[in-house]
Amino acid sequence: MHARRDFRDVSGRKGRPGGTRWLRAFAVLPLLASVLAACGGDEGSGRPTLNWYNFPDDSGALQKAADRCSQASGGRYRISYNKLPRAADGQRQQLVRRLAAEDDSLDILGLDVTWAAEFAEARWIREWTGAAKQQAVEGTLRVPLQTSTWKGKLYAVPYNTNTQLLWYRKDLVPTPPRTWAEMLDMAGALARQGKPHFVEIQGAQYEGLTVWFNTLINSAGGSILNASATEPSLGPPAVRAAGIMRDLAKSPAADPSLPNQMEDQNRLAMESGTAAFELNYPFVYPSMKANNPELFKNFRWAPYPRVDPNRPARPTIGGIDLAVSAYSRHPDLAFDAALCLRNRENQLTAALEGGLPPTLRALYDEPAFMKEYPFSREVLAALEAASVRPITPVYQNVSIAVSHTLSPPAGIKPESSVNTIREQIDDALRSEGVIP
């Protein structure tokens with residue numbers, strides 16, 4: 001997702017931050033029911049069934065991958081693709097509950113890019129080593145690999161990724177802005193002319209707001225946490241990032257519904273013709289083509305706006321990483337199957353049919369991919385310069401601290417808001433245990 005649609009759910013995931021009520025009301029019966037449903041398959045015939053849990057894919061690309069890899073195994077295993085809930089919170093909740101119960105019917109886990117550190121610290125997923133690790137990293141984009149790594153060890157393999165671009169109307173903006181300052185100036189000029197002028201971006205109190213802040217602070221040369229993820233970093237870049245968010249919210253560029261906007265609302269606003277700019281994931285391109293062919297003629301893309309003219313933007317990536325459960329009864333087969341699920345053929349299918357940008361660098365030179373993604377070069381450039389969300393087992397609390405403090409964007413007080421975020425993150429980092 002988050003941001004997290006990441007191409008798979010328009011809620012940005014990435015509403016992600018969760019509460020603690022479910023842990024206090026731990027339900028045994030739903031857990032048993034889901035375990036029983038997953039147990040079946042070919043165990044009696046001697047061919048193990050590997051249960052792959054991932055987000056629900058409506059395109060059929062994930063099921064094709066499971067079928068291909070089952071056949072390619074030569075009878076060593078069969079992969080059963082099990083769909084997790086649509087909302088990222090529900091996905092994580094189901095996995096956490098079952099792993100906490102040491103459920104051995106889980107084999108391959110589709111993890112949001114912010115979960116690997118938490119799951120590794122809880123010892124719920126296995127480290128990738130040896131030949132499997134070598135295959136996992138070979139040809140894989142550098143930044144997505146960061147999301148799979150915790151304390152210098154690889155705990156998952158990047159399955160797909162995602163990043164935002166700037167989408168704009170060429171009939172209103174012949175030359176796209178390079179910086180946030182230029183974009184706000186252009187939006188103001190369009191407003192004075194009575195033309196569509198909104199800048200659509202994720203301003204609701206959820207993961208998308210955290211992603212916006214994370215992108216801006218990294219683009220300004222800072223970060224939310226220090227390099228070792230032991231304490232908040234923030235500082236002047238964070239104040240600057242918060243200031244840009246506040247400036248947009250108080251300018252003519254702000255959509256009146258900014259405090260409630262997520263990725264899909266941004267898409268719809270752009271398609272309705274009220275906006276001139278949109279910061280969003282590439283899923284908006286085929287949607288505009290299908291829903292407003294006339295406006296699509298002037299629908300263009302450009303790199304994410306910079307904070308500083310001489311410093312490239314660092315948009316935050318999303319995506320899914322594949323991990324092997326610590327409780328799998330067939331870990332060696334699960335590692336092999338995970339590598340197959342994210343191989344060249346299956347990533348290309350996921351990109352062309354499911355809209356999931358690949359993590360294998362070579363696919364960005366694939367003619368079929370380049371034809372389907374006319375913005376593939378811009379996506380690749382963004383991924384190579386991208387930032388990741390803070391890698392920490394307490395990411396859930398970090399995200400809550402950011403999104404709650406900066407909501408609504410018009411109420412941001414840059415210095416005091418950043419101080420509040422710093423205090424809350426410091427508290428989260430000093431806490432113990434897995435965040436529910």
# chains A, B, ... in the order shown; residues from 1 in each chain; ligands from 1

$ residues_around --residues "Asp112 in chain A" --least-positions-apart "4" --cutoff "7 Å" --atoms "only C-alpha atoms" --output "JSON, numbers by chain"
{"A": [319, 320, 321]}

$ closest_residue --among "A:Pro56, A:Ala117, A:Thr163, A:Leu268" --to "Gln91 in chain A" --atoms "only C-alpha atoms"
A:Pro56

$ select_by_dssp --residues "range 45-232 of chain A" --states "helix (DSSP H, G or I)" --output "PyMOL selection string"
chain A and resi 45+61-72+88-100+116-121+130-137+142-147+180-192+207-219

$ atom_distance --atom1 "CA of Thr210 in chain A" --atom2 "CA of Val173 in chain A"
28.0 Å

$ closest_atom_pairs --of "range 314-381 of chain A" --to "range 287-305 of chain A" --cutoff "9 Å" --atoms "only C-alpha atoms" --output "Markdown table"
| residue | atom | partner | partner_atom | distance |
| --- | --- | --- | --- | --- |
| A:Arg314 | CA | A:Tyr304 | CA | 8.0 |
| A:Pro315 | CA | A:Tyr304 | CA | 6.9 |
| A:Phe375 | CA | A:Trp301 | CA | 7.2 |
| A:Glu378 | CA | A:Pro303 | CA | 6.3 |
| A:Val379 | CA | A:Pro303 | CA | 8.2 |
| A:Ala381 | CA | A:Pro303 | CA | 8.4 |

$ write_last_selection --atoms "all heavy atoms" --output "PDB file, in the first residue's frame"
ATOM      1  N   ARG A 314      12.823  12.391  -2.999  1.00  0.00           N
ATOM      2  CA  ARG A 314      12.973  11.003  -2.574  1.00  0.00           C
ATOM      3  C   ARG A 314      11.615  10.445  -2.159  1.00  0.00           C
ATOM      4  O   ARG A 314      11.332  10.273  -0.971  1.00  0.00           O
ATOM      5  CB  ARG A 314      13.984  10.910  -1.422  1.00  0.00           C
ATOM      6  CG  ARG A 314      15.392  11.406  -1.789  1.00  0.00           C
ATOM      7  CD  ARG A 314      16.376  11.052  -0.698  1.00  0.00           C
ATOM      8  NE  ARG A 314      16.462   9.595  -0.572  1.00  0.00           N
ATOM      9  CZ  ARG A 314      16.914   8.967   0.531  1.00  0.00           C
ATOM     10  NH1 ARG A 314      17.273   9.672   1.592  1.00  0.00           N
ATOM     11  NH2 ARG A 314      16.969   7.651   0.565  1.00  0.00           N
ATOM     12  N   PRO A 315      10.765  10.152  -3.146  1.00  0.00           N
ATOM     13  CA  PRO A 315       9.430   9.641  -2.810  1.00  0.00           C
ATOM     14  C   PRO A 315       9.510   8.322  -2.064  1.00  0.00           C
ATOM     15  O   PRO A 315      10.416   7.513  -2.276  1.00  0.00           O
ATOM     16  CB  PRO A 315       8.766   9.474  -4.179  1.00  0.00           C
ATOM     17  CG  PRO A 315       9.894   9.390  -5.151  1.00  0.00           C
ATOM     18  CD  PRO A 315      10.988  10.239  -4.591  1.00  0.00           C
ATOM     19  N   PHE A 375       5.450   5.539 -18.577  1.00  0.00           N
ATOM     20  CA  PHE A 375       6.175   6.324 -17.560  1.00  0.00           C
ATOM     21  C   PHE A 375       7.194   5.451 -16.824  1.00  0.00           C
ATOM     22  O   PHE A 375       7.617   5.788 -15.718  1.00  0.00           O
ATOM     23  CB  PHE A 375       5.169   6.907 -16.559  1.00  0.00           C
ATOM     24  CG  PHE A 375       4.042   5.975 -16.239  1.00  0.00           C
ATOM     25  CD1 PHE A 375       4.187   4.951 -15.323  1.00  0.00           C
ATOM     26  CD2 PHE A 375       2.831   6.095 -16.899  1.00  0.00           C
ATOM     27  CE1 PHE A 375       3.154   4.079 -15.046  1.00  0.00           C
ATOM     28  CE2 PHE A 375       1.785   5.228 -16.633  1.00  0.00           C
ATOM     29  CZ  PHE A 375       1.948   4.209 -15.705  1.00  0.00           C
ATOM     30  N   GLU A 378      10.446   7.129 -15.600  1.00  0.00           N
ATOM     31  CA  GLU A 378      10.250   8.001 -14.439  1.00  0.00           C
ATOM     32  C   GLU A 378      10.038   7.183 -13.164  1.00  0.00           C
ATOM     33  O   GLU A 378      10.543   7.551 -12.091  1.00  0.00           O
ATOM     34  CB  GLU A 378       9.050   8.921 -14.674  1.00  0.00           C
ATOM     35  CG  GLU A 378       9.288  10.041 -15.678  1.00  0.00           C
ATOM     36  CD  GLU A 378       9.162   9.592 -17.133  1.00  0.00           C
ATOM     37  OE1 GLU A 378       8.858   8.394 -17.373  1.00  0.00           O
ATOM     38  OE2 GLU A 378       9.380  10.426 -18.031  1.00  0.00           O
ATOM     39  N   VAL A 379       9.315   6.073 -13.279  1.00  0.00           N
ATOM     40  CA  VAL A 379       9.130   5.197 -12.118  1.00  0.00           C
ATOM     41  C   VAL A 379      10.467   4.631 -11.664  1.00  0.00           C
ATOM     42  O   VAL A 379      10.787   4.628 -10.466  1.00  0.00           O
ATOM     43  CB  VAL A 379       8.136   4.060 -12.449  1.00  0.00           C
ATOM     44  CG1 VAL A 379       8.149   3.003 -11.351  1.00  0.00           C
ATOM     45  CG2 VAL A 379       6.728   4.619 -12.612  1.00  0.00           C
ATOM     46  N   ALA A 381      13.510   5.835 -12.164  1.00  0.00           N
ATOM     47  CA  ALA A 381      14.332   6.906 -11.578  1.00  0.00           C
ATOM     48  C   ALA A 381      13.868   7.227 -10.162  1.00  0.00           C
ATOM     49  O   ALA A 381      14.692   7.437  -9.258  1.00  0.00           O
ATOM     50  CB  ALA A 381      14.273   8.156 -12.457  1.00  0.00           C
TER      51      ALA A 381
END

$ residues_around --residues "range 60-62 of chain A" --least-positions-apart "5" --cutoff "8 Å" --atoms "only C-alpha atoms" --output "PyMOL selection string"
chain A and resi 81+346+349-350+353-354

$ select_by_dssp --residues "range 164-366 of chain A" --states "strand (DSSP E or B)" --output "compact mmCIF listing (two decimals) with N, CA and C atoms, in the first residue's frame"
# COMPACT_ATOMS: atom_id res chain seq x y z
N LEU A 165 4.30 9.57 -8.57
CA LEU A 165 4.77 10.55 -9.53
C LEU A 165 3.88 11.79 -9.42
N LEU A 166 4.28 12.84 -10.09
CA LEU A 166 3.43 14.02 -10.23
C LEU A 166 2.64 13.86 -11.52
N TRP A 167 1.32 13.91 -11.41
CA TRP A 167 0.43 13.83 -12.57
C TRP A 167 -0.19 15.21 -12.75
N TYR A 168 -0.27 15.66 -14.00
CA TYR A 168 -0.75 17.03 -14.24
C TYR A 168 -1.49 17.12 -15.57
N ARG A 169 -2.18 18.22 -15.73
CA ARG A 169 -2.91 18.49 -16.97
C ARG A 169 -2.09 19.40 -17.87
N THR A 179 9.65 21.96 -8.42
CA THR A 179 9.69 22.06 -6.96
C THR A 179 8.29 22.29 -6.40
N PHE A 198 -6.49 22.73 -8.11
CA PHE A 198 -6.17 21.99 -6.89
C PHE A 198 -4.95 21.08 -7.09
N VAL A 199 -4.21 20.88 -5.99
CA VAL A 199 -3.14 19.89 -5.91
C VAL A 199 -3.68 18.75 -5.06
N GLU A 200 -3.95 17.61 -5.67
CA GLU A 200 -4.53 16.47 -4.96
C GLU A 200 -3.44 15.63 -4.31
N LEU A 225 13.88 8.81 11.64
CA LEU A 225 14.75 8.17 12.64
C LEU A 225 16.21 8.28 12.22
N PRO A 232 14.68 9.40 17.37
CA PRO A 232 14.20 10.26 16.29
C PRO A 232 15.32 11.16 15.78
N ALA A 254 -5.21 23.94 -2.14
CA ALA A 254 -5.77 22.88 -1.30
C ALA A 254 -7.21 22.56 -1.70
N ALA A 275 -8.98 19.50 -10.62
CA ALA A 275 -7.59 19.62 -10.19
C ALA A 275 -6.65 19.83 -11.38
N ALA A 276 -5.51 20.42 -11.08
CA ALA A 276 -4.47 20.59 -12.09
C ALA A 276 -3.30 19.65 -11.84
N PHE A 277 -3.13 19.24 -10.57
CA PHE A 277 -2.00 18.39 -10.18
C PHE A 277 -2.49 17.26 -9.27
N GLU A 278 -1.74 16.17 -9.28
CA GLU A 278 -2.06 15.04 -8.41
C GLU A 278 -0.76 14.30 -8.08
N LEU A 279 -0.53 14.07 -6.79
CA LEU A 279 0.60 13.24 -6.35
C LEU A 279 0.03 11.88 -6.01
N ASN A 280 0.35 10.88 -6.83
CA ASN A 280 -0.32 9.60 -6.65
C ASN A 280 0.46 8.49 -7.36
N PHE A 299 -3.46 14.28 -19.98
CA PHE A 299 -2.98 13.77 -18.70
C PHE A 299 -1.52 13.36 -18.85
N ARG A 300 -0.64 13.98 -18.08
CA ARG A 300 0.79 13.75 -18.21
C ARG A 300 1.41 13.44 -16.85
N TRP A 301 2.66 13.05 -16.86
CA TRP A 301 3.37 12.70 -15.64
C TRP A 301 4.74 13.35 -15.63
N ALA A 302 5.29 13.49 -14.43
CA ALA A 302 6.61 14.10 -14.24
C ALA A 302 7.17 13.59 -12.91
N ARG A 306 10.51 18.50 -6.11
CA ARG A 306 11.62 18.61 -5.16
C ARG A 306 11.29 19.62 -4.06
N THR A 316 8.55 8.11 -1.19
CA THR A 316 8.52 6.92 -0.34
C THR A 316 7.95 5.73 -1.12
N GLY A 318 6.33 1.86 -1.66
CA GLY A 318 5.44 0.89 -1.04
C GLY A 318 5.76 -0.48 -1.59
N GLY A 319 4.82 -1.41 -1.44
CA GLY A 319 5.04 -2.73 -2.00
C GLY A 319 4.83 -3.85 -1.01
N ILE A 320 5.15 -5.06 -1.48
CA ILE A 320 5.00 -6.27 -0.70
C ILE A 320 6.30 -7.07 -0.74
N ASP A 321 6.70 -7.60 0.42
CA ASP A 321 7.85 -8.49 0.53
C ASP A 321 7.37 -9.88 0.91
N LEU A 322 8.01 -10.91 0.39
CA LEU A 322 7.64 -12.29 0.71
C LEU A 322 8.59 -12.85 1.76
N ALA A 323 8.02 -13.35 2.85
CA ALA A 323 8.81 -13.92 3.94
C ALA A 323 8.38 -15.38 4.17
N VAL A 324 9.24 -16.13 4.81
CA VAL A 324 8.94 -17.53 5.16
C VAL A 324 8.67 -17.60 6.65
N SER A 325 7.53 -18.17 7.02
CA SER A 325 7.14 -18.26 8.42
C SER A 325 8.12 -19.11 9.21
N LEU A 360 12.59 -6.29 -9.91
CA LEU A 360 13.74 -6.73 -10.70
C LEU A 360 14.11 -5.64 -11.70

$ residues_around --residues "range 336-342 of chain A" --least-positions-apart "4" --cutoff "7 Å" --atoms "only C-alpha atoms" --output "ChimeraX atom specification"
/A:65-66,69,108,136,159,322,332,346-347

$ write_last_selection --atoms "N, CA, C and O atoms" --output "PDB file, in the first residue's frame"
ATOM      1  N   ALA A  65       0.633 -17.020 -10.748  1.00  0.00           N
ATOM      2  CA  ALA A  65       1.963 -17.290 -10.223  1.00  0.00           C
ATOM      3  C   ALA A  65       1.963 -18.552  -9.376  1.00  0.00           C
ATOM      4  O   ALA A  65       2.867 -19.395  -9.487  1.00  0.00           O
ATOM      5  N   ALA A  66       0.954 -18.701  -8.526  1.00  0.00           N
ATOM      6  CA  ALA A  66       0.862 -19.900  -7.686  1.00  0.00           C
ATOM      7  C   ALA A  66       0.733 -21.152  -8.546  1.00  0.00           C
ATOM      8  O   ALA A  66       1.375 -22.180  -8.281  1.00  0.00           O
ATOM      9  N   CYS A  69       4.122 -21.905 -10.425  1.00  0.00           N
ATOM     10  CA  CYS A  69       5.171 -22.417  -9.546  1.00  0.00           C
ATOM     11  C   CYS A  69       4.836 -23.814  -9.038  1.00  0.00           C
ATOM     12  O   CYS A  69       5.737 -24.637  -8.829  1.00  0.00           O
ATOM     13  N   ILE A 108       4.308 -19.053   3.362  1.00  0.00           N
ATOM     14  CA  ILE A 108       4.839 -17.860   2.695  1.00  0.00           C
ATOM     15  C   ILE A 108       3.927 -16.687   3.032  1.00  0.00           C
ATOM     16  O   ILE A 108       2.707 -16.773   2.875  1.00  0.00           O
ATOM     17  N   ALA A 136      17.814 -14.050  -4.055  1.00  0.00           N
ATOM     18  CA  ALA A 136      16.865 -13.001  -3.680  1.00  0.00           C
ATOM     19  C   ALA A 136      17.394 -11.609  -4.004  1.00  0.00           C
ATOM     20  O   ALA A 136      16.630 -10.729  -4.419  1.00  0.00           O
ATOM     21  N   TYR A 159       8.759  -8.497  -3.512  1.00  0.00           N
ATOM     22  CA  TYR A 159       7.885  -9.088  -4.521  1.00  0.00           C
ATOM     23  C   TYR A 159       7.422  -8.043  -5.536  1.00  0.00           C
ATOM     24  O   TYR A 159       7.426  -8.270  -6.736  1.00  0.00           O
ATOM     25  N   LEU A 322       8.006 -10.911   0.390  1.00  0.00           N
ATOM     26  CA  LEU A 322       7.639 -12.289   0.709  1.00  0.00           C
ATOM     27  C   LEU A 322       8.594 -12.853   1.757  1.00  0.00           C
ATOM     28  O   LEU A 322       9.811 -12.831   1.579  1.00  0.00           O
ATOM     29  N   ASP A 332      12.351 -25.144   3.591  1.00  0.00           N
ATOM     30  CA  ASP A 332      13.197 -25.170   2.398  1.00  0.00           C
ATOM     31  C   ASP A 332      12.360 -25.032   1.134  1.00  0.00           C
ATOM     32  O   ASP A 332      12.725 -24.298   0.199  1.00  0.00           O
ATOM     33  N   ASN A 346       6.720 -14.085 -13.423  1.00  0.00           N
ATOM     34  CA  ASN A 346       5.600 -13.753 -12.542  1.00  0.00           C
ATOM     35  C   ASN A 346       5.556 -12.274 -12.188  1.00  0.00           C
ATOM     36  O   ASN A 346       4.476 -11.699 -12.031  1.00  0.00           O
ATOM     37  N   GLN A 347       6.708 -11.638 -12.046  1.00  0.00           N
ATOM     38  CA  GLN A 347       6.690 -10.187 -11.800  1.00  0.00           C
ATOM     39  C   GLN A 347       6.177  -9.436 -13.020  1.00  0.00           C
ATOM     40  O   GLN A 347       5.464  -8.433 -12.885  1.00  0.00           O
TER      41      GLN A 347
END

$ residues_around --residues "Ala362 in chain A" --least-positions-apart "3" --cutoff "12 Å" --atoms "only C-alpha atoms" --output "PyMOL selection string"
chain A and resi 138-141+343-345+347-348+358-359+365-367+369-370+376+380

$ atom_distance --atom1 "CA of Leu50 in chain A" --atom2 "CA of Ala131 in chain A"
20.4 Å

$ atom_distance --atom1 "CA of Glu423 in chain A" --atom2 "CA of Gly208 in chain A"
21.3 Å

$ closest_residue --among "A:Leu99, A:Ile391, A:Ala191, A:Val137" --to "Leu429 in chain A" --atoms "only C-alpha atoms"
A:Ile391

$ closest_residue --among "A:Trp124, A:Ala187, A:Pro282, A:Phe213" --to "Pro374 in chain A" --atoms "only C-alpha atoms"
A:Pro282

$ residues_around --residues "range 148-154 of chain A" --least-positions-apart "6" --cutoff "12 Å" --atoms "only C-alpha atoms" --output "JSON, numbers by chain"
{"A": [110, 111, 112, 113, 114, 115, 116, 117, 118, 119, 120, 121, 122, 123, 125, 126, 127, 128, 129, 130, 132, 133, 134, 135, 136, 137, 140, 141, 142, 160, 161, 227, 228, 229, 230, 318, 319, 320, 321, 322, 323, 324, 388, 389, 390, 391, 392, 393]}

$ write_last_selection --atoms "C-alpha atoms" --output "PDB file, in the first residue's frame"
ATOM      1  CA  GLY A 110       3.090 -11.352   1.888  1.00  0.00           C
ATOM      2  CA  LEU A 111       4.301  -8.561   4.168  1.00  0.00           C
ATOM      3  CA  ASP A 112       3.722  -4.873   3.769  1.00  0.00           C
ATOM      4  CA  VAL A 113       7.077  -3.120   3.413  1.00  0.00           C
ATOM      5  CA  THR A 114       6.851  -1.780   6.979  1.00  0.00           C
ATOM      6  CA  TRP A 115       6.377  -5.143   8.717  1.00  0.00           C
ATOM      7  CA  ALA A 116       9.632  -7.067   8.207  1.00  0.00           C
ATOM      8  CA  ALA A 117      11.489  -5.506  11.148  1.00  0.00           C
ATOM      9  CA  GLU A 118       8.578  -6.122  13.526  1.00  0.00           C
ATOM     10  CA  PHE A 119       8.097  -9.732  12.415  1.00  0.00           C
ATOM     11  CA  ALA A 120      11.842 -10.439  12.465  1.00  0.00           C
ATOM     12  CA  GLU A 121      12.225  -9.011  15.957  1.00  0.00           C
ATOM     13  CA  ALA A 122       9.353 -11.214  17.122  1.00  0.00           C
ATOM     14  CA  ARG A 123      11.112 -14.205  15.484  1.00  0.00           C
ATOM     15  CA  ILE A 125       9.962 -15.097  10.036  1.00  0.00           C
ATOM     16  CA  ARG A 126      13.151 -16.831   8.938  1.00  0.00           C
ATOM     17  CA  GLU A 127      16.360 -15.212   7.792  1.00  0.00           C
ATOM     18  CA  TRP A 128      17.368 -15.665   4.152  1.00  0.00           C
ATOM     19  CA  THR A 129      20.867 -17.131   3.881  1.00  0.00           C
ATOM     20  CA  GLY A 130      23.115 -18.958   1.452  1.00  0.00           C
ATOM     21  CA  ALA A 132      18.446 -18.484  -1.429  1.00  0.00           C
ATOM     22  CA  LYS A 133      19.690 -15.092  -0.257  1.00  0.00           C
ATOM     23  CA  GLN A 134      21.980 -14.774  -3.257  1.00  0.00           C
ATOM     24  CA  GLN A 135      19.066 -15.418  -5.613  1.00  0.00           C
ATOM     25  CA  ALA A 136      16.865 -13.001  -3.680  1.00  0.00           C
ATOM     26  CA  VAL A 137      19.234 -10.047  -3.989  1.00  0.00           C
ATOM     27  CA  THR A 140      16.837  -6.656  -7.278  1.00  0.00           C
ATOM     28  CA  LEU A 141      16.517  -2.893  -6.910  1.00  0.00           C
ATOM     29  CA  ARG A 142      18.525  -1.563  -3.965  1.00  0.00           C
ATOM     30  CA  ASN A 160       6.662  -5.781  -5.926  1.00  0.00           C
ATOM     31  CA  THR A 161       7.135  -2.096  -5.256  1.00  0.00           C
ATOM     32  CA  ALA A 227      20.491   5.476  10.826  1.00  0.00           C
ATOM     33  CA  SER A 228      20.379   2.873  13.608  1.00  0.00           C
ATOM     34  CA  ALA A 229      16.643   3.443  14.245  1.00  0.00           C
ATOM     35  CA  THR A 230      17.356   4.033  17.943  1.00  0.00           C
ATOM     36  CA  GLY A 318       5.439   0.894  -1.035  1.00  0.00           C
ATOM     37  CA  GLY A 319       5.036  -2.729  -2.004  1.00  0.00           C
ATOM     38  CA  ILE A 320       5.004  -6.274  -0.700  1.00  0.00           C
ATOM     39  CA  ASP A 321       7.853  -8.488   0.529  1.00  0.00           C
ATOM     40  CA  LEU A 322       7.639 -12.289   0.709  1.00  0.00           C
ATOM     41  CA  ALA A 323       8.806 -13.922   3.944  1.00  0.00           C
ATOM     42  CA  VAL A 324       8.938 -17.526   5.156  1.00  0.00           C
ATOM     43  CA  VAL A 388      11.712   4.001   2.784  1.00  0.00           C
ATOM     44  CA  ARG A 389       9.528   4.452   5.808  1.00  0.00           C
ATOM     45  CA  PRO A 390      11.338   4.140   9.156  1.00  0.00           C
ATOM     46  CA  ILE A 391      12.573   0.573   9.561  1.00  0.00           C
ATOM     47  CA  THR A 392      11.737  -0.333  13.140  1.00  0.00           C
ATOM     48  CA  PRO A 393       9.651  -2.951  14.981  1.00  0.00           C
TER      49      PRO A 393
END

$ closest_residue --among "A:Pro414, A:Pro312, A:Pro408, A:Gly273" --to "Ala220 in chain A" --atoms "only C-alpha atoms"
A:Pro312
